[in-house]
Protein chains: 4
Amino acid sequence: MSASSLARETADLLARLGVADSAHAGGSLAVTSPITGERIAEVRETDAAGCDAAIAAAEAAFRTWRLVPAPKRGELIRLFGLELRAAKADLGRLVTIEAGKIVSEGLGEVQEMIDICDFAVGLSRQLYGLTVATERPSHRMMETWHPLGVVGVISAFNFPVAVWSWNAAIALVCGDTVVWKPSEKTPLTALATQALFEKAAAKAGAPAGLSAVVVGGRAIGEALVDDVRVAAVSATGSTAMGRAVAPRLASRFARAILELGGNNGAIIAPSADLDLVVRGVAFAAIGTAGQRCTTLRRLFVHDSVYDSLLPRLRKAYASVTIGDPREAGTLVGPLIDKAAYDRMQAALQKARADGATVHGGERAREDLGGNAFYVRPALAEMPAQTEVVRTETFAPILYVMRYTDFDAALEAHNAVPQGLSSSIFTNDLREAETFLSARGSDCGIVNVNIGPSGAEIGGAFGGEKETGGGREAGSDAWKAYMRRATNTINYGRDLPLAQGVSFDVE
Amino acid sequence: MSASSLARETADLLARLGVADSAHAGGSLAVTSPITGERIAEVRETDAAGCDAAIAAAEAAFRTWRLVPAPKRGELIRLFGLELRAAKADLGRLVTIEAGKIVSEGLGEVQEMIDICDFAVGLSRQLYGLTVATERPSHRMMETWHPLGVVGVISAFNFPVAVWSWNAAIALVCGDTVVWKPSEKTPLTALATQALFEKAAAKAGAPAGLSAVVVGGRAIGEALVDDVRVAAVSATGSTAMGRAVAPRLASRFARAILELGGNNGAIIAPSADLDLVVRGVAFAAIGTAGQRCTTLRRLFVHDSVYDSLLPRLRKAYASVTIGDPREAGTLVGPLIDKAAYDRMQAALQKARADGATVHGGERAREDLGGNAFYVRPALAEMPAQTEVVRTETFAPILYVMRYTDFDAALEAHNAVPQGLSSSIFTNDLREAETFLSARGSDCGIVNVNIGPSGAEIGGAFGGEKETGGGREAGSDAWKAYMRRATNTINYGRDLPLAQGVSFDVE
Amino acid sequence: MSASSLARETADLLARLGVADSAHAGGSLAVTSPITGERIAEVRETDAAGCDAAIAAAEAAFRTWRLVPAPKRGELIRLFGLELRAAKADLGRLVTIEAGKIVSEGLGEVQEMIDICDFAVGLSRQLYGLTVATERPSHRMMETWHPLGVVGVISAFNFPVAVWSWNAAIALVCGDTVVWKPSEKTPLTALATQALFEKAAAKAGAPAGLSAVVVGGRAIGEALVDDVRVAAVSATGSTAMGRAVAPRLASRFARAILELGGNNGAIIAPSADLDLVVRGVAFAAIGTAGQRCTTLRRLFVHDSVYDSLLPRLRKAYASVTIGDPREAGTLVGPLIDKAAYDRMQAALQKARADGATVHGGERAREDLGGNAFYVRPALAEMPAQTEVVRTETFAPILYVMRYTDFDAALEAHNAVPQGLSSSIFTNDLREAETFLSARGSDCGIVNVNIGPSGAEIGGAFGGEKETGGGREAGSDAWKAYMRRATNTINYGRDLPLAQGVSFDVE
Amino acid sequence: MSASSLARETADLLARLGVADSAHAGGSLAVTSPITGERIAEVRETDAAGCDAAIAAAEAAFRTWRLVPAPKRGELIRLFGLELRAAKADLGRLVTIEAGKIVSEGLGEVQEMIDICDFAVGLSRQLYGLTVATERPSHRMMETWHPLGVVGVISAFNFPVAVWSWNAAIALVCGDTVVWKPSEKTPLTALATQALFEKAAAKAGAPAGLSAVVVGGRAIGEALVDDVRVAAVSATGSTAMGRAVAPRLASRFARAILELGGNNGAIIAPSADLDLVVRGVAFAAIGTAGQRCTTLRRLFVHDSVYDSLLPRLRKAYASVTIGDPREAGTLVGPLIDKAAYDRMQAALQKARADGATVHGGERAREDLGGNAFYVRPALAEMPAQTEVVRTETFAPILYVMRYTDFDAALEAHNAVPQGLSSSIFTNDLREAETFLSARGSDCGIVNVNIGPSGAEIGGAFGGEKETGGGREAGSDAWKAYMRRATNTINYGRDLPLAQGVSFDVE
């Protein structure tokens with residue numbers, strides 16, 4: 001498939017998805033497909049005035065939207081879910097082209113958007129607060145949740161649309177409005193998503209300005225972070241980004257929902273079902289070319305199974321099909337760009353210096369273009385959990401370490417600064433429960449017999465420590481998008497004080 | 001009562017409460033009672049090494065404590081509640097001496113500690129997470145809550161012990177350990193509380209190091225804020241303090257529970273029960289000499305009742321007994337110190353410059369000592385909500401404004417940077433419900449027919465905007481003291497992926 | 001419109017809705033439209049063997065369905081919701097024809113089905129149990145909810161399809177299967193609903209037998225009630241029916257979800273907004289020709305507003321358009337049958353004997369057919385709450401009583417055996433809150449400034465006392481359709497006993 | 001110890017516990033200690049008039065108590081918990097004497113009362129309802145929980161006081177009042193508990209009549225069941241009793257909380273920790289002489305461990321000390337009476353007829369009195385799960401069956417009419433999770449690696465099928481003691497109808 005055909009396919013998809021030509025042609029931001037490294041669009045960037053206007057419009061829309069009953073807000077999201085269902089093939093394909101994901105993962109990402117819409121529709125008749133027993137006669141207490149305001153969403157290239165939807169579907173049902181800064185690397189899928197949203201909004205008769213996309217780099221992100229009209233910012237990306245963003249938000253008492261780096265480990269225990277392990281580890285470590293925040297990066301293998309597991313893993317690693325993610329059978333698509341490739345190679349070099357035996361990791365499929373960076377996923381057998389292992393490298397490197405003592409493996413597992421996701425493969429109840437316990441994994445996601453990646457939207461998604469502490473998607477993650485009010489109503493004629501205090505002026 | 005007798009009474013109380021002489025005699029931190037301005041103790045300060053040791057001990061204790069079953073942790077708190085009940089009179093009296101609160105409020109503060117202990121004991125058999133329906137066959141999902149680590153508590157002089165207890169009772173039941181930096185102005189009540197806690201801990205056979213007090217100034221506070229071993233800091237105080245603390249915590253991804261400034265307003269509607277209003281406003285505005293974070297500071301009075309209400313309020317203000325808070329009948333004790341007095345006078349001067357008619361506000365009871373700062377509470381009738389009104393002055397000034405239109409009053413009410421507490425006095429259902437609604441008060445506490453102060457511990461306590469967003473005490477505030485894990489357990493032999501993704505390596 | 005045209009329209013609708021001719025032609029159960037009293041179908045009845053087979057099939061389907069992940073069960077309900085949306089006009093029309101509801105209410109009933117589907121879809125990723133703190137080390141406690149089994153649904157003519165959907169949408173998402181006995185008076189809408197469900201089931205690839213309709217009279221109902229394979233029966237109808245059903249279910253320890261009679265009252269207080277009252281009372285008392293379980297039947301009007309309200313109500317009652325419910329502008333359709341008409345007249349006669357002044361109540365629109373029973377809704381001004389007032393008559397009679405003392409009105413309000421729904425119209429906060437309080441209305445639904453009918457599906461629907469205590473639709477009503485398991489998992493090597501019991505055998 | 005000394009000890013305990021002599025001397029109901037079979041008291045029975053008066057008093061007290069704020073009701077229960085702590089040794093001893101439990105279990109029972117008090121105190125500031133998102137503008141929805149009324153408690157001899165406390169502590173905090181009919185076999189502990197409660201009530205300044213004991217047989221129970229003033233009855237006992245009680249309650253729409261028979265099984269899987277198993281099984285099967293509703297009665301042992309486990313169990317069974325439960329070292333006290341002994345022997349005879357090999361089961365310690373019925377606990381190795389196995393015999397018989405296939409064992413486990421408690425002992429995660437899953441145990445309590453008995457109060461206690469479906473103690477079991485109200489408040493000037501219905505009269 002020639003370069004020009006890729007650009008043409010992109011243009012066709014965008015047209016079908018409802019994005020105006022003017023938005024992605026002739027703009028200042030060149031968009032490159034990692035599949036071939038060629039340019040597929042030139043997107044118009046949002047300048048400071050445009051960003052200000054988007055926030056202003058979102059704030060204005062919020063004044064109205066917060067008063068629309070939540071189930072009616074839910075109806076908008078239901079209609080949006082129908083648009084996503086109808087456009088699933090196209091939008092999934094665009095994810096594949098812009099982010100380089102294989103077809104199944106591109107579609108899976110759109111499915112995740114659909115799922116969160118369904119969930120948010122259900123929430124729209126809940127948003128439960130509490131009624132609470134009060135110590136004072138003729139009083140009533142309750143807790144109510146109200147819309148918060150404008151929510152800024154800063155998303156990363158690797159989940160170019162799903163992460164936004166986790167935030168936006170919930171935020172919109174909660175009565176908030178949304179301004180979205182997608183990654184500079186993946187603005188097209190953002191524009192397409194916005195177009196689908198607008199279609200749904202028109203059908204729902206929703207007010208204008210509920211959602212906007214602002215395209216650009218760091219300056220645009222900072223504008224969102226520092227703007228007092230933005231009540232909360234949900235930021236997904238590196239820990240470095242989070243470390244820059246979090247204090248700025250904190251200094252103006254804005255809310256931060258941070259989804260930062262992960263360095264996810266798995267323990268393979270003696271009783272593990274190795275069939276499950278090979279499949280689970282391969283998907284978790286290789287899927288999305290190792291570019292998920294929940295990608296498996298560290299593997300602790302019990303001595304008793306190490307020598308039977310490693311050959312199987314090496315075989316899987318050696319045999320996975322690398323190439324154009326649009327093609328059936330491909331399991332490993334490209335890295336996002338050259339910088340990602342360089343960081344991977346640097347990490348492997350460090351690992352070797354630390355004594356690693358590295359399998360794979362080399363560049364592959366140079367036939368697909370000099371600017372396309374494909375690699376064979378790397379298995380790095382490590383003598384110890386050195387600094388490079390404790391550092392997140394956003395690439396398909398799986399560091400493998402041998403263990404004999406479960407408690408020591410658990411300690412090593414937790415001995416990294418990140419705290420996103422984690423797994424144990426075991427059929428031993430005691431090991432599994434220990435891993436799930438207060439002294440087990442210190443991550444926000446703790447799994448048994450599945451890899452660390454691939455969360456369902458029904459649970460709260462996010463992590464601890466340098467992962468930033470935010471939670472999105474299911475459970476009570478919606479509370480981050482609302483403000484809570486504790487109410488006491490006195491309907492009596494007396495004014496008893498709490499804690500038996502007396503204070504009589506008349 | 002002579003100066004020396006106050007110091008003697010203090011020493012007697014401390015002895016009865018179990019505080020060693022060495023802790024409060026001969027130290028470098030002079031403690032002054034606002035009642036007379038005289039020195040009542042010299043407390044030993046904690047140096048950097050001591051603070052480091054306290055944190056280290058708390059962290060070590062955490063390793064054990066987190067594995068103690070929560071109901072057994074609850075038993076410790078139950079025993080602590082019994083100690084507080086037994087020592088209520090003494091500890092309440094010490095609060096009166098050190099913080100200047102009237103007797104009823106000193107006792108009320110201890111009662112609040114007792115209440116939170118009861119509540120925390122109940123929590124200790126709950127700490128509910130969720131089990132969640134999963135989309136994958138032979139899988140199970142759940143959400144579990146685990147102990148977090150060391151919690152730093154930074155408290156202010158005005159609730160010298162209750163605020164700590166809200167945090168500590170919950171944190172300890174959650175499996176955390178606590179290091180407490182009380183206000184430099186009120187270390188004695190902290191030492192007494194710690195002594196009572198240790199008594200309970202001994203009876204419970206609890207491990208050492210669960211709770212520690214570190215005494216000192218800003219440097220000690222910063223040590224807590226910056227120490228990576230401290231997982232969360234709950235800080236109560238001014239917005240300025242919060243603005244310094246929050247970004248530092250954010251930069252290391254530690255949790256912040258912020259309870260900062262309030263600038264609490266009340267709307268007095270035409271249908272308000274003026275008997276309730278006079279009592280409610282007086283307690284809320286004058287109680288604790290205006291030094292509560294929930295003190296009522298802004299009053300919006302409907303034109304139709306202004307002229308009947310104001311004379312009654314002025315009469316109440318003119319007649320409240322000011323003086324030694326230990327004496328029966330006293331309703332207004334001293335300000336905490338000269339700086340508080342100066343800030344109050346400066347604010348009144350600004351108010352006058354803005355056109356205020358000020359009633360009261362002058363110094364009173366100079367007979368009680370040149371270093372004791374008593375004032376008559378001030379009613380400032382304002383022509384408009386000027387800047388001084390929008391600023392929190394920690395003193396008994398109530399700015400009164402007239403309104404005619406409810407929506408305009410609501411807008412004015414919300415037009416301050418703080419968002420802690422708020423009230424409406426009305427018997428009109430529509431007004432009350434509007435005030436409670438999404439377009440009503442933007443505070444964390446929203447009351448009807450009671451003043452903004454005097455929360456029960458059953459609700460979540462805290463506020464929005466510059467108040468900092470933290471929540472303490474009841475409802476699900478306990479979640480801030482734990483870490484959440486989302487768990488998926490696969491007990492089948494297949495490995496279905498979420499969102500229907502397929503990825504087959506073998 | 002001639003008789004034959006109504007039958008023809010019915011046949012056309014059924015065909016469009018996917019019901020086979022054989023199901024509604026030539027059967028033994030004659031179906032009559034209350035609009036004209038003419039026969040519109042002859043439905044095939046289910047015999048004992050057919051009922052047994054339906055239950056057997058539902059039980060067999062349950063064995064599979066309970067293992068299908070809940071979100072996949074939810075997907076079926078989502079698709080069913082889409083079918084309902086697509087067929088809304090037709091199904092609503094069929095409700096109008098078969099039950100006699102006006103067009104807007106026929107459509108509203110289908111909308112309620114749609115709403116509950118949306119809600120159930122959201123539930124399908126929740127069905128939350130709890131994880132619970134345990135007193136024993138190395139133990140874990142949780143609470144899980146599992147599918148229950150076959151749920152029998154017995155519904156009444158007045159909500160011929162919505163009530164089933166409240167039960168079925170939730171039950172199916174919970175993993176149960178459903179056997180439905182609709183009223184003998186309204187089998188057609190049931191068959192149509194079943195056809196739409198089967199369409200959705202086919203699209204979802206759901207197993208066969210998830211839902212079945214059994215048509216017939218009391219014997220079929222008893223078969224459901226007595227069959228040990230039916231785990232729960234949700235029965236909507238009269239208190240007499242409930243009194244027969246409940247002990248039979250209890251004697252075999254099956255679950256009963258009872259939605260029985262209501263005798264719903266409203267208090268009109270001095271501060272009530274009379275514009276709201278007239279509209280609210282008219283809809284609640286007249287809507288569905290007084291044949292809702294939540295129909296307003298008793299009105300307590302404060303002396304101070306009685307004389308201004310009654311003329312307005314009388315005017316509304318005199319002016320509502322009575323007639324063919326298919327026609328625009330009609331507000332009052334027919335009673336369901338002659339027996340209903342007779343019971344209404346008997347009640348009015350009793351009321352008159354008790355001293356009532358009755359306005360309206362007479363037969364109307366005899367031009368529409370001798371077997372069609374239209375009435376002008378009746379206002380009965382009562383001197384006291386006599387026995388006829390305390391009895392539910394399923395017809396549009398509103399008993400009006402005067403009151404002076406609020407507490408006495410409240411007492412009278414509660415002095416009936418039923419406990420379904422209730423209202424107060426007031427702008428007085430104290431009255432409203434008292435009505436909502438522990439000493440207020442003793443009903444399951446307690447409203448302020450809206451009538452007792454017209455519940456949203458987000459709340460739990462049902463009542464106390466002789467209403468039977470069941471709850472359907474929102475909140476945690478889903479728990480009635482599942483079984484709860486309390487789990488304790490020991491993953492340690494010791495076996496500590498709860499409550500510190502010791503019992504050592506080795 | 002001579003007979004008279006036991007009666008003397010009883011009298012001394014009762015005196016210390018505050019029970020008046022007149023209540024337990026000279027009455028018509030002879031109380032016998034199963035320890036020796038001798039008479040220890042003659043309790044005054046409650047006649048019909050007395051029962052009526054108790055209910056009337058409870059109903060009158062309810063009118064007041066429901067308005068007392070829940071936290072104040074909680075304070076009563078906290079004080080009651082302190083009384084129980086103070087009297088633990090005495091009350092536990094009385095349980096031992098009257099019910100025959102060993103000392104550790106007698107004390108454990110009191111501890112359970114204490115635990116539920118702590119839990120109920122926590123609940124008293126919760127009793128959470130929900131605030132719910134509404135589809136109508138200017139409306140608010142919430143769900144509130146209100147006190148229910150008089151709760152009748154019918155308890156059994158085997159937990160003579162704990163079961164009452166589970167009900168009463170929760171019910172009283174919920175605002176209900178309680179009338180208690182203890183087993184005719186154990187009225188003394190009931191009287192003692194009531195005396196302790198009254199002591200607490202006096203200290204709390206609680207109104208009179210909150211709790212009453214009615215002593216007598218079936219007639220008294222029926223009076224409670226049939227009295228319309230009793231809103232709910234919580235009945236613990238046999239399935240036969242439940243089958244009599246449940247329909248009577250259902251026929252008057254009263255609530256039933258049923259805790260009936262159990263026939264609890266455990267599966268011992270190949271990977272089970274046999275040390276745990278022996279201890280766990282012995283306690284669960286032998287403890288309380290097999291007279292717990294959660295006693296382990298059926299054991300499914302995997303073929304691969306059967307031959308190593310059985311000898312160990314037989315050894316444990318043969319070696320447990322049988323005798324006076326007051327003596328240290330005794331593990332097996334007496335059966336409650338001769339009838340229990342006879343039923344046990346009949347069951348063993350049937351088992352033998354079915355091919356069982358029975359170990360133990362014979363009468364023991366006849367030296368302790370001809371009317372005292374001690375037995376050696378019986379292990380019955382069964383060739384199949386015959387009818388006697390599927391029947392609950394309230395005695396220490398453990399039926400042991402061999403299995404090879406897990407699914408078959410699971411099916412056999414569920415093939416009994418009762419559904420209270422169940423266990424699996426396994427270290428195999430898949431087995432454990434399957435047992436906990438929708439297709440696993442069908443009981444209300446499902447445990448892993450602990451026996452079926454010995455629940456903590458933090459979970460909901462109760463079972464499915466013929467066990468009756470009730471739930472007591474923790475989780476949301478409190479809801480059974482309250483009535484729920486769904487509230488919608490309209491604070492706007494319009495009256496939008498749900499589901500978009502329109503109905504315009506003016």
# chains A, B, ... in the order shown; residues from 1 in each chain; ligands from 1
call {"tool": "select_by_dssp", "arguments": {"residues": "range 430-498 of chain A", "states": "strand (DSSP E or B)", "output": "VMD selection string"}}
result
chain A and resid 445 to 448 460 to 461 464 to 465 472 to 473 482 to 490
call {"tool": "residues_around", "arguments": {"residues": "Phe373 in chain C", "least_positions_apart": "2", "cutoff": "8 Å", "atoms": "only C-alpha atoms", "output": "list in words"}}
result
Pro34, Gly37, Pro334, Leu335, Ile336, Asp337, Lys338, Tyr341, Arg363, Ala364, Arg365, Glu366, Gly370, Asn371 and Val375 of chain C
call {"tool": "interface_residues", "arguments": {"of": "chain C", "to": "chain B", "cutoff": "8 Å", "atoms": "only C-alpha atoms", "output": "list in words"}}
result
Leu67, Val68, Pro69, Ala70, Pro71, Lys72, Ser124, Arg125, Gln126, Leu127, Tyr128, Gly129, Leu130, Thr131, Val132, Ala133, Thr134, Glu135, Arg136, Pro137, Met142, Glu143, Thr144, Thr426, Asn427, Asp428, Leu429, Arg430 and Ala432 of chain C
call {"tool": "select_by_dssp", "arguments": {"residues": "range 336-491 of chain D", "states": "helix (DSSP H, G or I)", "output": "count of residues only"}}
result
45
call {"tool": "residues_around", "arguments": {"residues": "range 242-249 of chain B", "least_positions_apart": "2", "cutoff": "7 Å", "atoms": "only C-alpha atoms", "output": "JSON, numbers by chain"}}
result
{"A": [247, 248, 250, 251], "B": [225, 226, 238, 239, 240, 251, 252, 253, 254, 255, 256, 258, 260]}
